[in-house]
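Structure file model.txt; described as compact mmCIF, C-alpha atoms.
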# COMPACT_ATOMS: atom_id res chain seq x y z
CA MET A 1 -39.84 78.56 151.93
CA GLN A 2 -40.02 75.16 153.54
CA GLU A 3 -42.62 73.02 151.90
CA ASN A 4 -43.29 70.82 154.88
CA LYS A 5 -44.23 73.80 157.00
CA GLY A 6 -46.51 75.36 154.40
CA ILE A 7 -46.78 79.09 153.77
CA SER A 8 -47.19 81.45 156.69
CA PHE A 9 -48.66 84.95 156.87
CA LEU A 10 -45.19 86.45 156.55
CA ASP A 11 -44.68 84.51 153.34
CA TYR A 12 -47.82 86.12 151.91
CA LEU A 13 -46.63 89.51 153.07
CA VAL A 14 -43.24 88.97 151.41
CA ILE A 15 -44.98 88.08 148.15
CA LEU A 16 -47.10 91.24 148.27
CA ILE A 17 -44.04 93.41 149.00
CA LYS A 18 -42.21 91.75 146.13
CA TRP A 19 -45.03 92.68 143.74
CA LYS A 20 -45.96 95.99 145.37
CA LYS A 21 -44.96 98.26 142.46
CA PHE A 22 -46.92 96.18 140.01
CA LEU A 23 -49.96 96.08 142.30
CA ILE A 24 -49.88 99.84 142.92
CA VAL A 25 -49.63 100.61 139.21
CA LEU A 26 -52.35 98.07 138.44
CA SER A 27 -54.67 99.57 141.07
CA ALA A 28 -54.22 103.09 139.71
CA VAL A 29 -54.76 101.98 136.12
CA VAL A 30 -57.86 99.92 136.94
CA LEU A 31 -59.29 102.70 139.11
CA ILE A 32 -58.88 105.32 136.40
CA CYS A 33 -60.06 103.08 133.58
CA SER A 34 -63.11 101.86 135.49
CA TYR A 35 -64.08 105.41 136.42
CA LEU A 36 -63.75 106.57 132.81
CA ALA A 37 -65.67 103.52 131.57
CA ILE A 38 -68.55 104.22 133.96
CA TYR A 39 -68.44 107.91 133.08
CA PHE A 40 -68.66 107.36 129.32
CA LEU A 41 -70.54 104.08 129.06
CA VAL A 42 -73.13 104.18 131.87
CA THR A 43 -75.93 106.68 131.40
CA PRO A 44 -76.56 108.70 134.57
CA LYS A 45 -80.02 108.63 136.11
CA TYR A 46 -81.83 111.20 138.24
CA ASP A 47 -84.31 110.86 141.10
CA SER A 48 -87.34 113.10 141.44
CA LYS A 49 -89.39 112.91 144.63
CA ALA A 50 -92.97 113.86 145.39
CA LEU A 51 -94.27 113.89 148.96
CA ILE A 52 -97.96 113.60 149.85
CA ILE A 53 -100.18 112.93 152.85
CA SER A 54 -103.65 111.47 153.11
CA THR A 55 -106.42 113.91 153.98
CA ASN A 56 -107.83 110.98 156.02
CA ASN A 57 -111.20 111.09 154.27
CA ASN A 58 -113.10 107.90 154.81
CA ASP A 59 -113.85 105.33 152.19
CA VAL A 60 -117.53 106.16 152.36
CA GLY A 61 -117.20 109.91 152.02
CA GLY A 62 -119.19 111.92 154.54
CA MET A 63 -121.30 108.96 155.60
CA SER A 64 -118.85 107.82 158.23
CA SER A 65 -118.86 111.25 159.86
CA LEU A 66 -122.64 111.19 159.77
CA LEU A 67 -122.77 107.77 161.40
CA LYS A 68 -120.50 109.03 164.18
CA SER A 69 -123.08 111.71 164.97
CA PHE A 70 -125.45 109.01 166.21
CA THR A 71 -124.29 108.89 169.81
CA ASP A 72 -126.19 105.72 170.60
CA LEU A 73 -124.31 103.75 167.97
CA PRO A 74 -122.47 101.03 169.91
CA ILE A 75 -119.16 101.47 168.14
CA ASN A 76 -116.86 104.16 166.86
CA ILE A 77 -116.46 104.42 163.10
CA PRO A 78 -113.19 106.06 162.14
CA GLY A 79 -113.23 104.83 158.54
CA LEU A 80 -110.00 103.88 156.95
CA SER A 81 -106.88 104.29 159.02
CA PRO A 82 -103.92 106.16 157.50
CA ASN A 83 -102.02 102.87 157.17
CA SER A 84 -104.87 101.41 155.14
CA ASN A 85 -104.76 104.47 152.89
CA MET A 86 -101.03 103.95 152.34
CA ASP A 87 -101.62 100.35 151.27
CA ILE A 88 -104.21 101.54 148.76
CA PHE A 89 -101.77 104.16 147.44
CA THR A 90 -99.14 101.48 146.79
CA THR A 91 -101.65 99.15 145.12
CA ILE A 92 -102.87 101.86 142.75
CA ILE A 93 -99.39 103.13 141.83
CA TYR A 94 -98.01 99.69 140.97
CA SER A 95 -101.17 98.52 139.20
CA ARG A 96 -100.93 97.61 135.54
CA THR A 97 -103.50 100.28 134.69
CA THR A 98 -101.33 103.04 136.17
CA LEU A 99 -98.14 101.72 134.56
CA GLU A 100 -99.82 101.55 131.14
CA LYS A 101 -101.01 105.14 131.50
CA ILE A 102 -97.46 106.24 132.27
CA MET A 103 -96.11 104.25 129.31
CA LYS A 104 -98.60 105.84 126.89
CA LYS A 105 -98.33 109.34 128.31
CA PHE A 106 -94.54 109.50 127.92
CA ASP A 107 -94.20 107.12 124.93
CA LEU A 108 -91.88 104.86 126.92
CA TYR A 109 -92.59 101.82 124.76
CA ASN A 110 -90.82 103.44 121.81
CA TYR A 111 -88.19 104.99 124.05
CA TYR A 112 -87.02 101.73 125.67
CA LYS A 113 -87.51 99.66 122.46
CA LEU A 114 -87.90 96.37 124.34
CA ASN A 115 -90.38 94.93 121.81
CA TYR A 116 -92.68 93.69 124.59
CA VAL A 117 -95.19 95.68 126.60
CA ASP A 118 -94.68 93.55 129.71
CA LYS A 119 -90.92 94.19 129.70
CA THR A 120 -91.53 97.90 129.28
CA LEU A 121 -93.98 97.90 132.18
CA GLU A 122 -91.46 96.01 134.32
CA VAL A 123 -88.79 98.64 133.62
CA ILE A 124 -91.24 101.41 134.51
CA GLN A 125 -92.24 99.63 137.71
CA ASN A 126 -88.61 99.17 138.75
CA SER A 127 -87.99 102.88 138.19
CA ILE A 128 -90.68 103.81 140.73
CA THR A 129 -90.26 103.66 144.50
CA ALA A 130 -93.45 104.33 146.42
CA GLU A 131 -93.51 103.89 150.18
CA GLU A 132 -94.59 105.35 153.49
CA THR A 133 -92.02 107.51 155.25
CA LYS A 134 -91.08 107.24 158.93
CA GLN A 135 -92.96 110.47 159.57
CA GLY A 136 -96.24 108.99 158.28
CA ALA A 137 -96.25 110.71 154.90
CA TYR A 138 -96.06 108.97 151.53
CA GLN A 139 -93.20 109.41 149.08
CA VAL A 140 -93.06 108.65 145.36
CA VAL A 141 -89.59 108.56 143.79
CA VAL A 142 -89.05 108.17 140.04
CA ARG A 143 -85.61 107.41 138.58
CA ASP A 144 -85.03 108.25 134.92
CA GLU A 145 -82.25 109.19 132.52
CA ASP A 146 -84.01 112.48 131.81
CA LYS A 147 -84.30 114.56 134.99
CA ASN A 148 -87.21 116.60 133.61
CA ARG A 149 -89.12 113.49 132.61
CA ALA A 150 -88.48 111.94 136.02
CA ALA A 151 -90.20 114.92 137.67
CA GLU A 152 -93.07 114.86 135.17
CA ILE A 153 -93.68 111.14 135.72
CA ALA A 154 -93.67 111.55 139.51
CA ASN A 155 -96.22 114.38 139.35
CA TYR A 156 -98.31 112.43 136.84
CA ILE A 157 -98.39 109.45 139.21
CA ILE A 158 -99.76 111.70 141.97
CA LYS A 159 -102.41 112.98 139.57
CA ILE A 160 -103.45 109.43 138.63
CA LEU A 161 -103.50 108.40 142.28
CA ASN A 162 -105.78 111.23 143.33
CA LYS A 163 -108.15 110.73 140.38
CA THR A 164 -108.40 106.99 141.03
CA LEU A 165 -109.14 107.52 144.72
CA ILE A 166 -111.88 110.03 143.86
CA ASN A 167 -113.45 107.58 141.39
CA ILE A 168 -113.39 104.80 143.98
CA ASN A 169 -115.10 107.01 146.55
CA VAL A 170 -117.73 108.23 144.11
CA ALA A 171 -118.46 104.64 143.05
CA LYS A 172 -118.81 103.54 146.67
CA ALA A 173 -121.07 106.48 147.40
CA HIS A 174 -123.25 105.49 144.43
CA ASN A 175 -123.51 101.89 145.61
CA ASN A 176 -124.41 103.06 149.11
CA SER A 177 -126.96 105.45 147.64
CA VAL A 178 -128.66 102.65 145.72
CA PHE A 179 -128.74 100.48 148.83
CA LEU A 180 -130.11 103.22 151.08
CA ALA A 181 -132.64 104.36 148.46
CA LYS A 182 -134.12 100.88 148.46
CA ARG A 183 -134.28 100.80 152.25
CA TYR A 184 -135.77 104.30 152.35
CA LYS A 185 -138.61 103.31 150.02
CA GLU A 186 -139.32 100.17 152.04
CA ILE A 187 -139.40 102.08 155.34
CA LYS A 188 -141.53 104.85 153.86
CA THR A 189 -144.09 102.31 152.64
CA ASN A 190 -144.05 100.43 155.94
CA LEU A 191 -144.48 103.64 157.94
CA LYS A 192 -147.54 104.68 155.94
CA MET A 193 -149.08 101.25 156.36
CA ALA A 194 -148.37 101.32 160.12
CA GLU A 195 -149.93 104.79 160.51
CA ASP A 196 -153.02 103.80 158.50
CA SER A 197 -153.41 100.62 160.55
CA LEU A 198 -153.19 102.52 163.84
CA VAL A 199 -155.78 105.09 162.76
CA TYR A 200 -158.09 102.34 161.49
CA TYR A 201 -157.84 100.41 164.76
CA GLN A 202 -158.47 103.52 166.86
CA ASN A 203 -161.57 104.39 164.86
CA LYS A 204 -162.82 100.82 164.99
CA SER A 205 -162.15 100.02 168.65
CA GLY A 206 -162.44 103.44 170.20
CA VAL A 207 -159.19 102.81 172.09
CA TYR A 208 -157.15 105.97 171.89
CA LEU A 209 -155.39 105.82 175.28
CA ALA A 210 -154.96 102.85 177.56
CA ASP A 211 -154.87 103.32 181.34
CA GLU A 212 -151.79 104.99 182.75
CA GLN A 213 -149.69 101.95 183.69
CA ALA A 214 -150.63 100.08 180.53
CA LYS A 215 -149.98 103.23 178.52
CA LEU A 216 -146.59 103.67 180.22
CA SER A 217 -145.70 100.05 179.53
CA ILE A 218 -146.95 100.22 175.95
CA ASP A 219 -145.07 103.41 175.28
CA SER A 220 -141.86 102.08 176.87
CA TYR A 221 -141.99 98.81 174.93
CA ALA A 222 -142.64 100.72 171.74
CA LYS A 223 -139.60 102.92 172.36
CA LEU A 224 -137.44 99.90 173.19
CA GLU A 225 -138.52 98.07 170.07
CA ALA A 226 -137.94 101.17 168.00
CA GLU A 227 -134.48 101.45 169.52
CA LEU A 228 -133.79 97.78 168.77
CA ALA A 229 -134.96 98.20 165.18
CA SER A 230 -132.80 101.28 164.82
CA LYS A 231 -129.74 99.39 166.03
CA GLN A 232 -130.53 96.53 163.68
CA ILE A 233 -130.74 98.78 160.64
CA LYS A 234 -127.53 100.49 161.69
CA LEU A 235 -125.95 97.05 161.88
CA ALA A 236 -127.23 96.24 158.40
CA THR A 237 -125.79 99.51 157.12
CA LEU A 238 -122.40 98.78 158.69
CA ILE A 239 -122.37 95.30 157.13
CA ARG A 240 -123.12 96.86 153.76
CA ILE A 241 -120.33 99.43 154.11
CA TYR A 242 -117.57 97.53 155.92
CA GLY A 243 -118.35 93.83 155.28
CA LYS A 244 -119.50 91.01 157.55
CA ASN A 245 -116.08 90.22 159.00
CA SER A 246 -115.16 93.74 160.07
CA PRO A 247 -114.34 94.21 163.77
CA LYS A 248 -116.73 97.18 163.77
CA VAL A 249 -119.55 94.92 162.58
CA ASN A 250 -118.72 92.23 165.14
CA ASN A 251 -118.89 94.79 167.95
CA ALA A 252 -122.21 96.06 166.63
CA LYS A 253 -123.61 92.51 166.54
CA ILE A 254 -122.67 91.97 170.18
CA ALA A 255 -124.35 95.24 171.19
CA VAL A 256 -127.55 94.37 169.30
CA GLU A 257 -127.71 90.87 170.78
CA GLU A 258 -127.20 92.22 174.32
CA PHE A 259 -129.90 94.87 173.84
CA LYS A 260 -132.27 92.26 172.44
CA TYR A 261 -131.66 89.95 175.39
CA LYS A 262 -132.42 92.69 177.94
CA TYR A 263 -135.55 93.67 176.04
CA ASN A 264 -136.86 90.10 175.98
CA GLU A 265 -136.27 89.85 179.71
CA LEU A 266 -138.56 92.87 180.23
CA LYS A 267 -141.22 91.42 177.94
CA ARG A 268 -141.28 88.22 180.01
CA GLY A 269 -141.85 90.24 183.19
CA ASN A 270 -138.35 89.93 184.65
CA ASN A 271 -138.42 93.53 185.83
CA SER A 272 -137.58 94.01 189.49
CA SER A 273 -138.85 97.61 189.57
CA GLY A 274 -142.43 96.59 188.74
CA LEU A 275 -142.96 99.82 186.82
CA LEU A 276 -143.47 98.04 183.52
CA LEU A 277 -146.15 95.42 183.02
CA SER A 278 -145.20 92.29 181.14
CA LEU A 279 -146.93 91.94 177.80
CA LYS A 280 -149.12 89.11 179.09
CA ASP A 281 -150.53 91.41 181.82
CA ILE A 282 -151.68 94.10 179.39
CA PRO A 283 -155.36 93.83 178.29
CA GLU A 284 -155.99 92.52 174.81
CA SER A 285 -157.40 95.78 173.46
CA ALA A 286 -154.46 97.70 174.82
CA MET A 287 -152.13 95.03 173.49
CA GLN A 288 -153.50 95.41 169.99
CA TYR A 289 -153.18 99.18 170.31
CA TYR A 290 -149.59 98.67 171.44
CA ARG A 291 -148.77 96.56 168.40
CA TYR A 292 -149.94 99.24 165.99
CA LEU A 293 -148.29 102.02 167.98
CA ARG A 294 -145.08 100.05 168.23
CA GLU A 295 -144.92 99.60 164.47
CA VAL A 296 -145.42 103.31 163.90
CA LYS A 297 -142.62 104.18 166.35
CA ILE A 298 -140.29 101.58 164.85
CA GLN A 299 -140.76 102.80 161.30
CA THR A 300 -140.47 106.43 162.42
CA LYS A 301 -137.20 105.73 164.21
CA MET A 302 -135.83 103.91 161.19
CA MET A 303 -136.89 106.76 158.91
CA GLU A 304 -135.09 109.28 161.15
CA PHE A 305 -131.94 107.22 160.78
CA ILE A 306 -132.08 106.46 157.07
CA ILE A 307 -132.98 109.88 155.63
CA PRO A 308 -129.75 111.73 156.61
CA LEU A 309 -127.64 108.83 155.34
CA TYR A 310 -129.53 108.71 152.06
CA GLU A 311 -129.17 112.44 151.52
CA GLN A 312 -125.46 112.29 152.38
CA THR A 313 -124.77 109.54 149.82
CA LYS A 314 -126.54 111.52 147.09
CA PHE A 315 -124.28 114.46 147.95
CA ASP A 316 -121.17 112.25 148.00
CA GLU A 317 -121.96 111.01 144.49
CA GLN A 318 -121.61 114.52 143.10
CA LYS A 319 -118.49 115.77 144.88
CA GLU A 320 -114.89 115.22 143.85
CA ILE A 321 -112.85 116.22 146.88
CA PRO A 322 -109.07 115.55 146.64
CA LEU A 323 -108.16 112.71 148.98
CA ILE A 324 -104.46 113.51 149.13
CA LYS A 325 -102.54 116.68 149.87
CA ILE A 326 -99.30 117.39 148.02
CA ILE A 327 -96.56 118.51 150.38
CA ASP A 328 -93.72 118.58 147.83
CA LYS A 329 -94.16 118.49 144.08
CA ALA A 330 -91.48 116.64 142.14
CA VAL A 331 -88.86 118.92 140.57
CA PRO A 332 -85.92 118.07 138.27
CA ALA A 333 -82.93 116.88 140.29
CA GLU A 334 -79.73 118.93 140.24
CA ARG A 335 -77.43 115.96 140.79
CA LYS A 336 -77.48 112.44 139.45
CA ALA A 337 -78.56 109.58 141.75
CA PHE A 338 -77.02 106.73 139.73
CA PRO A 339 -74.40 105.43 139.19
CA PRO A 340 -72.05 106.30 142.10
CA ARG A 341 -68.92 106.36 139.91
CA VAL A 342 -66.29 106.59 142.65
CA LEU A 343 -67.84 103.81 144.72
CA PHE A 344 -68.25 101.50 141.73
CA SER A 345 -64.67 102.25 140.59
CA PHE A 346 -63.28 101.31 144.01
CA ILE A 347 -65.35 98.12 144.13
CA PHE A 348 -64.26 97.09 140.64
CA THR A 349 -60.62 97.87 141.46
CA ILE A 350 -60.73 95.81 144.65
CA ILE A 351 -62.23 92.86 142.78
CA ILE A 352 -59.58 92.98 140.00
CA LEU A 353 -56.80 93.47 142.54
CA GLY A 354 -58.02 90.52 144.59
CA VAL A 355 -58.07 88.24 141.56
CA VAL A 356 -54.57 89.30 140.51
CA VAL A 357 -53.17 88.84 144.03
CA PHE A 358 -54.71 85.38 144.17
CA PHE A 359 -52.93 84.29 140.98
CA ILE A 360 -49.65 85.90 142.02
CA ILE A 361 -49.68 84.00 145.31
CA LEU A 362 -50.72 80.83 143.51
CA LYS A 363 -47.86 81.19 141.04
CA GLU A 364 -45.34 81.81 143.85
CA ILE A 365 -46.56 78.70 145.66
CA VAL A 366 -46.16 76.63 142.51
CA ASN A 367 -42.68 78.00 141.81
CA SER A 368 -41.52 77.28 145.34
CA SER A 369 -42.82 73.71 145.34
CA ASP A 370 -40.63 70.70 144.52
CA ASN A 371 -43.55 68.34 144.21
CA PRO A 372 -43.51 66.87 140.64
CA LYS A 373 -47.29 66.48 140.65
CA VAL A 374 -47.69 70.18 141.32
CA LYS A 375 -45.30 70.89 138.45
CA ILE A 376 -47.34 68.76 136.05
CA ILE A 377 -50.59 70.46 137.02
CA ALA A 378 -49.01 73.92 136.87
CA ASN A 379 -47.56 73.34 133.39
CA SER A 380 -51.06 72.59 132.14
CA PHE A 381 -51.92 76.28 132.61
CA PHE A 382 -49.83 78.83 130.76
CA PHE A 383 -50.05 81.42 133.55
CA LEU A 384 -48.70 78.91 136.11
CA LYS A 385 -45.88 77.39 134.12
CA THR A 386 -42.74 77.07 136.19
CA LYS A 387 -39.29 78.03 135.15
CA SER A 388 -37.09 75.09 134.24
CA LYS A 389 -34.26 74.54 136.67
Starting from the coordinates I provided, produce the structure as C-alpha cells.
Amino acid sequence: MQENKGISFLDYLVILIKWKKFLIVLSAVVLICSYLAIYFLVTPKYDSKALIISTNNNDVGGMSSLLKSFTDLPINIPGLSPNSNMDIFTTIIYSRTTLEKIMKKFDLYNYYKLNYVDKTLEVIQNSITAEETKQGAYQVVVRDEDKNRAAEIANYIIKILNKTLININVAKAHNNSVFLAKRYKEIKTNLKMAEDSLVYYQNKSGVYLADEQAKLSIDSYAKLEAELASKQIKLATLIRIYGKNSPKVNNAKIAVEEFKYKYNELKRGNNSSGLLLSLKDIPESAMQYYRYLREVKIQTKMMEFIIPLYEQTKFDEQKEIPLIKIIDKAVPAERKAFPPRVLFSFIFTIIILGVVVFFIILKEIVNSSDNPKVKIIANSFFFLKTKSK
C-alpha cells in the first residue's frame, strides 16, 4: 500500500477478505452467545390489552340532554366530545391515585423491592400504555413479567377508570343540584310575591283588563321579557356548568345581548308595524298592571325552565351508569412481547463486529505505515503494537 496515496476502498476490502474467516467465526459466536445471554438473563415480559369506548355520556349526566330539549336555546349543547373523554381517561389512568391503587392491590412495592414508593410508581407507569386508537376507541396495554398479572392489572385499571368517572359525574350532579335548588327557591318565592302583588293591585285599582291594543302590547311585552329572563337564566346555568370562557357560553351571551337589543328597540317605539304601543304611550294604570303581569310571566317562565333541570340533577345524583363500554377484556398473552431476542442478538453482533473491524483496519494501517511518529503512538497501545522489522 502506498502511503502517499492513502488507503482506498479496495484496500479495505482486501483487509476484510484477509480476516474473513475470523470475522465469520466471531459473528457466529457473538450471535449465539448474545442470544443465549438474552434468553437466560433477560426476563421475558408479556403484554395484555383491554379495549374500551366511551358511551359519550355528558359531564353533567342527563342535564345536557334536557337542555337540548329547549328548542329556543340559542346554542347546541353536545357535552363533552369523545376526544375530551379520551384526555380524561389518560389523566385518570396515569394519576398518582390510580398508580398507588395498582401498587397496593398487587403488592408491587414488595415485588419490585426498589425501597422508594416514587420509583415503584414510575416503574408501574412505564409499564402502562394508554392511548386512543386510530379507530376512535381507547386501548390500555400493560406489560409485566407475569402474563396473568398483566391481564389482571389491565382489567383493574378499567375498573378504576369507570368508577372514577362515575364519581366525578355524581359529584358534578350534586353541585348542579345545590345550585339549581337555590335558584328554584328564589324563583318560587319571587313568583308568589309577583302573583300576590298582581292580585292586590287588581283588587285595589279595579283594573283587570286594559283596552285591546294596550292589552295586546302589555301581553306582548310581558312575553318578551319573560323570554329574555328565560334566556338569561339559561345563560347563567350554562356558565355554572361549562364555565365563563366556554364557546357555548360566548354564543349564548351574544344571543341574549341581541335579543335584549331588539326588545329595547320595541320598548322605545321603534316598531314599524305599529301593532305594539311603546311603553310611554300606555296609560299609567295599564302600565302598572303590565308591570305586575310581566313579573308573574317572567317568574312563571323561569319556573318552567328550572324545575325539570332541578329534578334531573336530583336523579343524576342517585344513578351510577357506566360511562365506558368494554369491547375487549384483557386476557393473558400467549407469546412474550419483550425482549425480541433475535433482533437484539443481531444488533449486538453488528455492534461487536463493527468495533472489531475498526480495530483490524486500524492495526493494518499502522503496520503498513513507515511514519516513525505513527509507530511511537501505536506502540503505546498493546493491541496496535507493530512487528519489529
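Candidate residues A:Tyr156, A:Tyr46, A:Phe359, A:Phe89 were compared for distance to Tyr138 in chain A, and the nearest is A:Phe89, using all atoms listed in the file.
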Å distance separating CA of Ala171 in chain A from CA of Glu100 in chain A, one decimal place:
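Computed distance, CA of Ala171 in chain A to CA of Glu100 in chain A, equals 22.3 Å.
One finds CA of Glu258 in chain A at 27.6 Å from CA of Asn176 in chain A.
Relative to CA of Ala226 in chain A, CA of Phe259 in chain A is found at 11.8 Å.
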Cut-off 12 Å: closest range 120-198 of chain A/range 286-298 of chain A atom pairs per residue, using all atoms listed in the file, as a Markdown table:
| residue | atom | partner | partner_atom | distance |
| --- | --- | --- | --- | --- |
| A:Ile187 | CA | A:Ile298 | CA | 9.6 |
| A:Lys188 | CA | A:Val296 | CA | 10.9 |
| A:Thr189 | CA | A:Val296 | CA | 11.4 |
| A:Asn190 | CA | A:Val296 | CA | 8.6 |
| A:Leu191 | CA | A:Val296 | CA | 6.0 |
| A:Lys192 | CA | A:Val296 | CA | 8.4 |
| A:Met193 | CA | A:Val296 | CA | 8.6 |
| A:Ala194 | CA | A:Val296 | CA | 5.2 |
| A:Glu195 | CA | A:Val296 | CA | 5.8 |
| A:Asp196 | CA | A:Tyr292 | CA | 9.3 |
| A:Ser197 | CA | A:Tyr292 | CA | 6.6 |
| A:Leu198 | CA | A:Tyr292 | CA | 5.1 |
Closest of A:Ala252, A:Leu121, A:Met302, A:Leu353 to Val25 in chain A - atom-to-atom distances counting only C-alpha atoms:
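Counting only C-alpha atoms, the residue closest to Val25 in chain A is A:Leu353.
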Around all of range 294-302 of chain A's listed atoms, make the axis-aligned box with 3 Å on each side and tell me centre and edge lengths in Å to one decimal, as lines of an AutoDock Vina configuration file.
center_x = -140.6
center_y = 103.0
center_z = 164.7
size_x = 15.6
size_y = 12.8
size_z = 13.0
Go through A:Lys105, A:Asn85, A:Val342, A:Val30 and flag the residue nearest Arg149 in chain A, using all atoms listed in the file for the distances.
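With all atoms listed in the file as the atom set, the closest residue is A:Lys105.
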Of the candidates A:Ile32, A:Leu26, A:Val123, A:Leu228, which one gets nearest to Gly354 in chain A if we count all atoms listed in the file?
A:Leu26
Neighbouring residues of Gln139 in chain A were defined as those with any atom within 7 Å, considering all atoms listed in the file; residues of the same chain fewer than 3 positions away were excluded. Please report them as an mmCIF file with C-alpha atoms, keeping the file's coordinate frame.
data_model
loop_
_atom_site.group_PDB
_atom_site.id
_atom_site.type_symbol
_atom_site.label_atom_id
_atom_site.label_comp_id
_atom_site.auth_asym_id
_atom_site.auth_seq_id
_atom_site.Cartn_x
_atom_site.Cartn_y
_atom_site.Cartn_z
ATOM 1 C CA LYS A 49 -89.390 112.910 144.630
ATOM 2 C CA ALA A 50 -92.970 113.860 145.390
ATOM 3 C CA LEU A 51 -94.270 113.890 148.960
ATOM 4 C CA ILE A 52 -97.960 113.600 149.850
ATOM 5 C CA ALA A 130 -93.450 104.330 146.420
ATOM 6 C CA GLU A 131 -93.510 103.890 150.180
ATOM 7 C CA GLU A 132 -94.590 105.350 153.490
ATOM 8 C CA THR A 133 -92.020 107.510 155.250
#
Distance criterion (all atoms listed in the file): nearest to Leu343 in chain A out of A:Lys301, A:Tyr35, A:Lys329, A:Ile124:
A:Tyr35
